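K.L.:
coords-v7.cif (mmCIF, N, CA and C atoms) pasted underneath:
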```
data_final
loop_
_atom_site.label_atom_id
_atom_site.label_comp_id
_atom_site.auth_asym_id
_atom_site.auth_seq_id
_atom_site.Cartn_x
_atom_site.Cartn_y
_atom_site.Cartn_z
N MET A 1 -10.07 -35.04 -25.82
CA MET A 1 -9.76 -33.72 -25.36
C MET A 1 -10.47 -33.38 -24.06
N HIS A 2 -11.15 -34.36 -23.54
CA HIS A 2 -11.79 -34.17 -22.25
C HIS A 2 -10.74 -33.82 -21.19
N ASP A 3 -9.51 -34.33 -21.40
CA ASP A 3 -8.42 -34.05 -20.46
C ASP A 3 -8.12 -32.56 -20.40
N LEU A 4 -8.12 -31.91 -21.53
CA LEU A 4 -7.83 -30.48 -21.58
C LEU A 4 -8.90 -29.69 -20.83
N THR A 5 -10.14 -30.04 -21.05
CA THR A 5 -11.24 -29.35 -20.36
C THR A 5 -11.14 -29.58 -18.85
N ALA A 6 -10.83 -30.81 -18.46
CA ALA A 6 -10.70 -31.12 -17.03
C ALA A 6 -9.53 -30.35 -16.42
N LEU A 7 -8.44 -30.24 -17.15
CA LEU A 7 -7.29 -29.48 -16.64
C LEU A 7 -7.63 -28.01 -16.48
N TYR A 8 -8.33 -27.46 -17.46
CA TYR A 8 -8.72 -26.05 -17.35
C TYR A 8 -9.67 -25.83 -16.18
N ARG A 9 -10.59 -26.76 -15.97
CA ARG A 9 -11.50 -26.62 -14.83
C ARG A 9 -10.73 -26.68 -13.52
N GLN A 10 -9.77 -27.60 -13.44
CA GLN A 10 -8.96 -27.71 -12.23
C GLN A 10 -8.12 -26.44 -12.03
N GLU A 11 -7.61 -25.92 -13.12
CA GLU A 11 -6.83 -24.68 -13.03
C GLU A 11 -7.72 -23.53 -12.54
N LEU A 12 -8.95 -23.48 -13.04
CA LEU A 12 -9.89 -22.46 -12.58
C LEU A 12 -10.15 -22.62 -11.09
N LYS A 13 -10.30 -23.84 -10.65
CA LYS A 13 -10.53 -24.11 -9.22
C LYS A 13 -9.33 -23.62 -8.40
N ASN A 14 -8.12 -23.85 -8.91
CA ASN A 14 -6.92 -23.39 -8.21
C ASN A 14 -6.87 -21.86 -8.14
N TYR A 15 -7.23 -21.21 -9.24
CA TYR A 15 -7.24 -19.74 -9.25
C TYR A 15 -8.31 -19.20 -8.29
N LYS A 16 -9.45 -19.85 -8.23
CA LYS A 16 -10.50 -19.41 -7.29
C LYS A 16 -10.00 -19.56 -5.85
N HIS A 17 -9.27 -20.65 -5.58
CA HIS A 17 -8.70 -20.85 -4.25
C HIS A 17 -7.67 -19.75 -3.95
N LEU A 18 -6.87 -19.42 -4.95
CA LEU A 18 -5.88 -18.35 -4.79
C LEU A 18 -6.57 -17.02 -4.52
N LEU A 19 -7.68 -16.78 -5.19
CA LEU A 19 -8.46 -15.55 -4.95
C LEU A 19 -8.99 -15.52 -3.52
N GLU A 20 -9.49 -16.65 -3.06
CA GLU A 20 -10.00 -16.72 -1.68
C GLU A 20 -8.88 -16.46 -0.68
N LEU A 21 -7.70 -17.02 -0.94
CA LEU A 21 -6.55 -16.79 -0.06
C LEU A 21 -6.14 -15.33 -0.08
N THR A 22 -6.23 -14.70 -1.24
CA THR A 22 -5.87 -13.29 -1.36
C THR A 22 -6.85 -12.42 -0.57
N HIS A 23 -8.13 -12.78 -0.61
CA HIS A 23 -9.12 -12.05 0.20
C HIS A 23 -8.81 -12.21 1.69
N ARG A 24 -8.46 -13.43 2.09
CA ARG A 24 -8.10 -13.66 3.50
C ARG A 24 -6.85 -12.89 3.88
N LEU A 25 -5.90 -12.84 2.96
CA LEU A 25 -4.65 -12.10 3.21
C LEU A 25 -4.93 -10.62 3.41
N GLN A 26 -5.87 -10.11 2.66
CA GLN A 26 -6.22 -8.69 2.75
C GLN A 26 -6.82 -8.36 4.12
N LYS A 27 -7.51 -9.33 4.72
CA LYS A 27 -8.17 -9.09 6.00
C LYS A 27 -7.26 -9.33 7.21
N VAL A 28 -6.13 -9.98 6.99
CA VAL A 28 -5.23 -10.31 8.10
C VAL A 28 -4.47 -9.07 8.53
N ASP A 29 -4.43 -8.87 9.82
CA ASP A 29 -3.60 -7.81 10.38
C ASP A 29 -2.34 -8.48 10.91
N GLU A 30 -1.23 -8.27 10.21
CA GLU A 30 -0.01 -8.99 10.54
C GLU A 30 0.52 -8.69 11.94
N PHE A 31 0.08 -7.59 12.53
CA PHE A 31 0.55 -7.26 13.88
C PHE A 31 -0.22 -8.04 14.94
N GLU A 32 -1.47 -8.37 14.66
CA GLU A 32 -2.28 -9.08 15.64
C GLU A 32 -2.06 -10.59 15.61
N ASN A 33 -2.02 -11.16 14.42
CA ASN A 33 -1.86 -12.61 14.32
C ASN A 33 -0.92 -12.97 13.17
N PRO A 34 0.38 -12.91 13.44
CA PRO A 34 1.36 -13.24 12.39
C PRO A 34 1.32 -14.71 11.96
N GLN A 35 0.78 -15.59 12.82
CA GLN A 35 0.66 -17.01 12.46
C GLN A 35 -0.28 -17.16 11.27
N ASP A 36 -1.40 -16.44 11.29
CA ASP A 36 -2.34 -16.51 10.17
C ASP A 36 -1.70 -16.05 8.88
N LEU A 37 -0.92 -14.99 8.96
CA LEU A 37 -0.24 -14.45 7.79
C LEU A 37 0.70 -15.50 7.19
N GLU A 38 1.49 -16.15 8.04
CA GLU A 38 2.43 -17.17 7.58
C GLU A 38 1.68 -18.35 6.95
N THR A 39 0.59 -18.77 7.57
CA THR A 39 -0.19 -19.89 7.05
C THR A 39 -0.76 -19.58 5.68
N ILE A 40 -1.32 -18.40 5.54
CA ILE A 40 -1.93 -18.01 4.26
C ILE A 40 -0.85 -17.90 3.18
N LEU A 41 0.28 -17.31 3.51
CA LEU A 41 1.35 -17.17 2.51
C LEU A 41 1.89 -18.53 2.09
N ALA A 42 2.00 -19.47 3.02
CA ALA A 42 2.47 -20.82 2.68
C ALA A 42 1.46 -21.52 1.78
N GLU A 43 0.19 -21.36 2.09
CA GLU A 43 -0.85 -21.99 1.27
C GLU A 43 -0.91 -21.35 -0.12
N ARG A 44 -0.70 -20.05 -0.18
CA ARG A 44 -0.66 -19.37 -1.49
C ARG A 44 0.48 -19.90 -2.34
N LYS A 45 1.63 -20.11 -1.70
CA LYS A 45 2.79 -20.63 -2.43
C LYS A 45 2.50 -22.01 -3.00
N LYS A 46 1.88 -22.88 -2.21
CA LYS A 46 1.51 -24.22 -2.68
C LYS A 46 0.54 -24.14 -3.86
N THR A 47 -0.44 -23.26 -3.75
CA THR A 47 -1.43 -23.11 -4.81
C THR A 47 -0.78 -22.61 -6.09
N LEU A 48 0.14 -21.67 -5.98
CA LEU A 48 0.86 -21.17 -7.16
C LEU A 48 1.71 -22.28 -7.80
N GLU A 49 2.28 -23.13 -6.99
CA GLU A 49 3.05 -24.27 -7.53
C GLU A 49 2.12 -25.23 -8.27
N LYS A 50 0.92 -25.46 -7.73
CA LYS A 50 -0.05 -26.32 -8.42
C LYS A 50 -0.44 -25.71 -9.77
N ILE A 51 -0.66 -24.40 -9.77
CA ILE A 51 -1.04 -23.72 -11.02
C ILE A 51 0.07 -23.87 -12.05
N SER A 52 1.31 -23.72 -11.63
CA SER A 52 2.44 -23.88 -12.56
C SER A 52 2.49 -25.28 -13.14
N ALA A 53 2.23 -26.28 -12.29
CA ALA A 53 2.23 -27.66 -12.77
C ALA A 53 1.11 -27.88 -13.79
N PHE A 54 -0.06 -27.30 -13.53
CA PHE A 54 -1.16 -27.43 -14.48
C PHE A 54 -0.85 -26.72 -15.79
N GLU A 55 -0.18 -25.58 -15.71
CA GLU A 55 0.19 -24.84 -16.92
C GLU A 55 1.06 -25.70 -17.83
N GLU A 56 2.01 -26.42 -17.24
CA GLU A 56 2.88 -27.29 -18.04
C GLU A 56 2.08 -28.40 -18.71
N ARG A 57 1.16 -28.99 -17.96
CA ARG A 57 0.34 -30.06 -18.53
C ARG A 57 -0.59 -29.54 -19.62
N ILE A 58 -1.12 -28.35 -19.42
CA ILE A 58 -2.02 -27.75 -20.42
C ILE A 58 -1.26 -27.44 -21.70
N GLU A 59 -0.06 -26.88 -21.55
CA GLU A 59 0.75 -26.55 -22.72
C GLU A 59 1.00 -27.79 -23.58
N ALA A 60 1.21 -28.93 -22.94
CA ALA A 60 1.46 -30.17 -23.68
C ALA A 60 0.23 -30.59 -24.48
N LEU A 61 -0.96 -30.33 -23.96
CA LEU A 61 -2.19 -30.75 -24.64
C LEU A 61 -2.75 -29.68 -25.58
N LYS A 62 -2.27 -28.44 -25.47
CA LYS A 62 -2.80 -27.34 -26.27
C LYS A 62 -2.58 -27.52 -27.77
N GLU A 63 -1.61 -28.30 -28.14
CA GLU A 63 -1.32 -28.49 -29.56
C GLU A 63 -2.52 -29.05 -30.31
N ASN A 64 -3.33 -29.86 -29.64
CA ASN A 64 -4.47 -30.51 -30.28
C ASN A 64 -5.77 -29.74 -30.08
N ILE A 65 -5.69 -28.48 -29.74
CA ILE A 65 -6.91 -27.71 -29.45
C ILE A 65 -7.77 -27.52 -30.70
N ASN A 66 -7.14 -27.50 -31.86
CA ASN A 66 -7.89 -27.33 -33.10
C ASN A 66 -8.71 -28.57 -33.45
N ASP A 67 -8.38 -29.71 -32.85
CA ASP A 67 -9.13 -30.94 -33.10
C ASP A 67 -10.43 -31.01 -32.32
N LEU A 68 -10.66 -30.04 -31.44
CA LEU A 68 -11.86 -30.04 -30.62
C LEU A 68 -13.07 -29.60 -31.42
N SER A 69 -14.23 -30.05 -30.98
CA SER A 69 -15.47 -29.61 -31.62
C SER A 69 -15.71 -28.15 -31.25
N ALA A 70 -16.57 -27.50 -32.01
CA ALA A 70 -16.87 -26.09 -31.77
C ALA A 70 -17.46 -25.90 -30.37
N ARG A 71 -18.29 -26.84 -29.96
CA ARG A 71 -18.91 -26.76 -28.63
C ARG A 71 -17.84 -26.86 -27.52
N GLU A 72 -16.92 -27.78 -27.71
CA GLU A 72 -15.84 -27.97 -26.72
C GLU A 72 -14.93 -26.74 -26.68
N GLN A 73 -14.63 -26.17 -27.85
CA GLN A 73 -13.81 -24.96 -27.89
C GLN A 73 -14.52 -23.79 -27.20
N GLN A 74 -15.84 -23.74 -27.36
CA GLN A 74 -16.61 -22.68 -26.72
C GLN A 74 -16.57 -22.84 -25.19
N ARG A 75 -16.66 -24.09 -24.70
CA ARG A 75 -16.55 -24.33 -23.26
C ARG A 75 -15.19 -23.89 -22.74
N LEU A 76 -14.15 -24.26 -23.50
CA LEU A 76 -12.80 -23.88 -23.08
C LEU A 76 -12.64 -22.36 -23.06
N ALA A 77 -13.23 -21.71 -24.05
CA ALA A 77 -13.16 -20.24 -24.11
C ALA A 77 -13.84 -19.63 -22.89
N GLY A 78 -14.97 -20.19 -22.48
CA GLY A 78 -15.67 -19.71 -21.29
C GLY A 78 -14.83 -19.89 -20.03
N ILE A 79 -14.19 -21.05 -19.92
CA ILE A 79 -13.36 -21.32 -18.75
C ILE A 79 -12.15 -20.39 -18.74
N THR A 80 -11.50 -20.22 -19.89
CA THR A 80 -10.32 -19.35 -19.94
C THR A 80 -10.68 -17.89 -19.65
N ASN A 81 -11.87 -17.46 -20.10
CA ASN A 81 -12.31 -16.09 -19.78
C ASN A 81 -12.53 -15.93 -18.28
N GLU A 82 -13.10 -16.96 -17.66
CA GLU A 82 -13.31 -16.91 -16.22
C GLU A 82 -11.97 -16.90 -15.48
N ILE A 83 -11.02 -17.68 -15.97
CA ILE A 83 -9.68 -17.69 -15.39
C ILE A 83 -9.06 -16.30 -15.52
N ARG A 84 -9.19 -15.71 -16.69
CA ARG A 84 -8.62 -14.37 -16.94
C ARG A 84 -9.21 -13.33 -15.98
N GLU A 85 -10.52 -13.38 -15.79
CA GLU A 85 -11.18 -12.43 -14.88
C GLU A 85 -10.74 -12.65 -13.44
N THR A 86 -10.58 -13.91 -13.06
CA THR A 86 -10.12 -14.22 -11.70
C THR A 86 -8.71 -13.70 -11.49
N ILE A 87 -7.86 -13.88 -12.50
CA ILE A 87 -6.48 -13.39 -12.41
C ILE A 87 -6.47 -11.87 -12.26
N LYS A 88 -7.31 -11.17 -13.02
CA LYS A 88 -7.39 -9.71 -12.91
C LYS A 88 -7.78 -9.28 -11.50
N GLU A 89 -8.74 -10.01 -10.91
CA GLU A 89 -9.18 -9.69 -9.57
C GLU A 89 -8.06 -9.93 -8.55
N ILE A 90 -7.33 -11.04 -8.73
CA ILE A 90 -6.21 -11.35 -7.83
C ILE A 90 -5.14 -10.28 -7.93
N VAL A 91 -4.81 -9.88 -9.15
CA VAL A 91 -3.78 -8.85 -9.36
C VAL A 91 -4.20 -7.53 -8.71
N GLY A 92 -5.47 -7.17 -8.86
CA GLY A 92 -5.96 -5.93 -8.24
C GLY A 92 -5.85 -5.98 -6.73
N LEU A 93 -6.24 -7.10 -6.14
CA LEU A 93 -6.14 -7.25 -4.69
C LEU A 93 -4.68 -7.22 -4.25
N ASP A 94 -3.82 -7.92 -4.99
CA ASP A 94 -2.39 -7.92 -4.64
C ASP A 94 -1.81 -6.51 -4.68
N GLU A 95 -2.21 -5.72 -5.66
CA GLU A 95 -1.72 -4.34 -5.75
C GLU A 95 -2.18 -3.52 -4.55
N ARG A 96 -3.45 -3.71 -4.14
CA ARG A 96 -3.96 -2.98 -2.97
C ARG A 96 -3.25 -3.41 -1.69
N ILE A 97 -3.02 -4.71 -1.57
CA ILE A 97 -2.31 -5.22 -0.39
C ILE A 97 -0.89 -4.66 -0.38
N GLY A 98 -0.23 -4.66 -1.53
CA GLY A 98 1.13 -4.12 -1.63
C GLY A 98 1.17 -2.65 -1.27
N ALA A 99 0.20 -1.89 -1.75
CA ALA A 99 0.15 -0.45 -1.44
C ALA A 99 -0.07 -0.24 0.06
N LYS A 100 -0.94 -1.05 0.65
CA LYS A 100 -1.19 -0.94 2.09
C LYS A 100 0.08 -1.25 2.88
N LEU A 101 0.79 -2.31 2.48
CA LEU A 101 2.02 -2.69 3.18
C LEU A 101 3.10 -1.62 3.02
N ARG A 102 3.21 -1.05 1.81
CA ARG A 102 4.19 0.02 1.60
C ARG A 102 3.86 1.24 2.46
N ALA A 103 2.57 1.56 2.56
CA ALA A 103 2.16 2.71 3.38
C ALA A 103 2.48 2.46 4.85
N GLU A 104 2.22 1.24 5.31
CA GLU A 104 2.54 0.91 6.71
C GLU A 104 4.04 0.95 6.94
N LYS A 105 4.82 0.45 5.98
CA LYS A 105 6.29 0.47 6.10
C LYS A 105 6.79 1.91 6.16
N ASP A 106 6.25 2.77 5.29
CA ASP A 106 6.65 4.18 5.30
C ASP A 106 6.28 4.85 6.62
N ASP A 107 5.12 4.52 7.15
CA ASP A 107 4.68 5.08 8.42
C ASP A 107 5.62 4.65 9.55
N VAL A 108 5.97 3.38 9.58
CA VAL A 108 6.87 2.88 10.62
C VAL A 108 8.26 3.52 10.45
N SER A 109 8.74 3.64 9.21
CA SER A 109 10.05 4.28 8.97
C SER A 109 10.04 5.73 9.45
N HIS A 110 8.95 6.42 9.19
CA HIS A 110 8.83 7.82 9.62
C HIS A 110 8.86 7.91 11.15
N LYS A 111 8.14 7.02 11.81
CA LYS A 111 8.12 7.03 13.28
C LYS A 111 9.50 6.69 13.84
N LEU A 112 10.18 5.75 13.21
CA LEU A 112 11.53 5.40 13.67
C LEU A 112 12.50 6.56 13.50
N SER A 113 12.38 7.29 12.41
CA SER A 113 13.27 8.44 12.21
C SER A 113 13.01 9.51 13.27
N LYS A 114 11.74 9.68 13.66
CA LYS A 114 11.42 10.64 14.73
C LYS A 114 12.04 10.19 16.05
N VAL A 115 11.97 8.89 16.32
CA VAL A 115 12.56 8.37 17.56
C VAL A 115 14.07 8.58 17.55
N ARG A 116 14.73 8.30 16.43
CA ARG A 116 16.18 8.50 16.33
C ARG A 116 16.54 9.97 16.54
N HIS A 117 15.76 10.84 15.90
CA HIS A 117 16.00 12.28 16.04
C HIS A 117 15.82 12.71 17.49
N GLY A 118 14.79 12.17 18.15
CA GLY A 118 14.54 12.50 19.55
C GLY A 118 15.66 12.02 20.45
N ARG A 119 16.16 10.82 20.20
CA ARG A 119 17.27 10.30 21.00
C ARG A 119 18.52 11.15 20.82
N LYS A 120 18.76 11.54 19.59
CA LYS A 120 19.94 12.37 19.30
C LYS A 120 19.82 13.71 20.03
N ALA A 121 18.63 14.27 20.03
CA ALA A 121 18.42 15.55 20.70
C ALA A 121 18.59 15.41 22.21
N LEU A 122 18.11 14.32 22.77
CA LEU A 122 18.25 14.10 24.21
C LEU A 122 19.71 13.94 24.63
N LYS A 123 20.51 13.35 23.77
CA LYS A 123 21.92 13.18 24.09
C LYS A 123 22.61 14.52 24.28
N GLY A 124 22.13 15.53 23.63
CA GLY A 124 22.70 16.87 23.78
C GLY A 124 22.48 17.45 25.16
N TYR A 125 21.44 16.99 25.85
CA TYR A 125 21.14 17.49 27.20
C TYR A 125 21.71 16.60 28.29
N ALA A 126 22.31 15.51 27.91
CA ALA A 126 22.85 14.58 28.91
C ALA A 126 24.08 15.20 29.55
N PRO A 127 24.27 14.94 30.86
CA PRO A 127 25.47 15.48 31.51
C PRO A 127 26.71 14.78 30.98
N ARG A 128 27.79 15.54 30.95
CA ARG A 128 29.04 14.95 30.47
C ARG A 128 29.60 14.05 31.56
N ARG A 129 30.09 12.93 31.14
CA ARG A 129 30.61 11.97 32.09
C ARG A 129 32.14 11.90 32.05
N THR A 130 32.71 12.72 31.26
CA THR A 130 34.18 12.72 31.16
C THR A 130 34.73 13.99 31.77
N ILE A 131 35.95 13.89 32.21
CA ILE A 131 36.64 15.05 32.76
C ILE A 131 37.33 15.74 31.59
N PRO A 132 37.17 17.02 31.48
CA PRO A 132 37.83 17.70 30.36
C PRO A 132 39.34 17.52 30.44
N ARG A 133 39.97 17.34 29.33
CA ARG A 133 41.42 17.09 29.30
C ARG A 133 42.22 18.40 29.43
N PHE A 134 41.67 19.43 28.95
CA PHE A 134 42.39 20.70 28.99
C PHE A 134 41.62 21.70 29.84
N LEU A 135 42.35 22.36 30.70
CA LEU A 135 41.73 23.39 31.53
C LEU A 135 42.41 24.72 31.19
N ASP A 136 41.65 25.72 31.17
CA ASP A 136 42.19 27.06 30.93
C ASP A 136 42.74 27.56 32.24
N LYS A 137 44.03 27.74 32.35
CA LYS A 137 44.69 28.12 33.63
C LYS A 137 44.61 29.62 33.88
N ARG A 138 44.13 30.38 32.93
CA ARG A 138 44.07 31.82 33.12
C ARG A 138 43.09 32.21 34.20
N PHE A 139 42.16 31.44 34.50
CA PHE A 139 41.16 31.81 35.52
C PHE A 139 41.54 31.35 36.85
#
```
Using the file provided, produce a representation of the structure as structure tokens.

P.N.:
Amino acid sequence: MHDLTALYRQELKNYKHLLELTHRLQKVDEFENPQDLETILAERKKTLEKISAFEERIEALKENINDLSAREQQRLAGITNEIRETIKEIVGLDERIGAKLRAEKDDVSHKLSKVRHGRKALKGYAPRRTIPRFLDKRF
């Protein structure tokens, strides 16, 4: 069952890397350096794929978890608790990043609507470029 413990440790390492990437993502200003944003998102995707692969391998070995010694089960419990805490931290950061991005999107949408409204208002003051089709002959 050493394999199961090794897989859990590797999974923890992957989650820690994902947490580090999430911290970096939080610090990136997408307007200043979009290349960094793309790099971090690509690396996050790869890390999530690794985690999924480990999950499948762990599920296959989990059936024999009851055959482990009490000490080994306690180690696994410690690792899984650390994984759980890391996941909670990642989720919290992701929620803050999402809220920040939504706020920026709303701000940009609001500014764009003001620009559209301003353009529409300016069109009202523009000189007419067409000749009127009907003239009042009474004058």

K.L.:
Might you spell out which residues the PyMOL selection byres (((chain A and resi 57 and name CA) around 12) and name CA) would select in the displayed file, as a ChimeraX atom specification?

P.N.:
/A:3-8,10-11,50-56,58-63

K.L.:
Output the residue selection produced by the PyMOL selection byres ((chain A and resi 75-87) around 7) on the file above, formatted as a PyMOL selection string.

P.N.:
chain A and resi 5+8-9+11-12+15-16+19+70-74+88-92

K.L.:
What does the distance from atom N of Leu41 of chain A to atom C of Leu21 of chain A come to in Å, to one decimal?

P.N.:
7.6 Å

K.L.:
Would you mind reading off the distance between atom CA of Asp94 of chain A and atom CA of Leu25 of chain A, one decimal, in Å?

P.N.:
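Going from atom CA of Asp94 of chain A over to atom CA of Leu25 of chain A covers 9.2 Å.
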
K.L.:
Could you please determine the separation between atom CA of Gly118 of chain A and atom CA of Glu104 of chain A in Å, to one decimal place?

P.N.:
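Between atom CA of Gly118 of chain A and atom CA of Glu104 of chain A the gap works out to 21.1 Å.
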
K.L.:
Which of these, A:Leu93, A:Leu101, A:Leu18, A:Val115, has the shortest distance to Thr47 of chain A once you count only C-alpha atoms?

P.N.:
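For Thr47 of chain A, the nearest of the given residues is A:Leu18.
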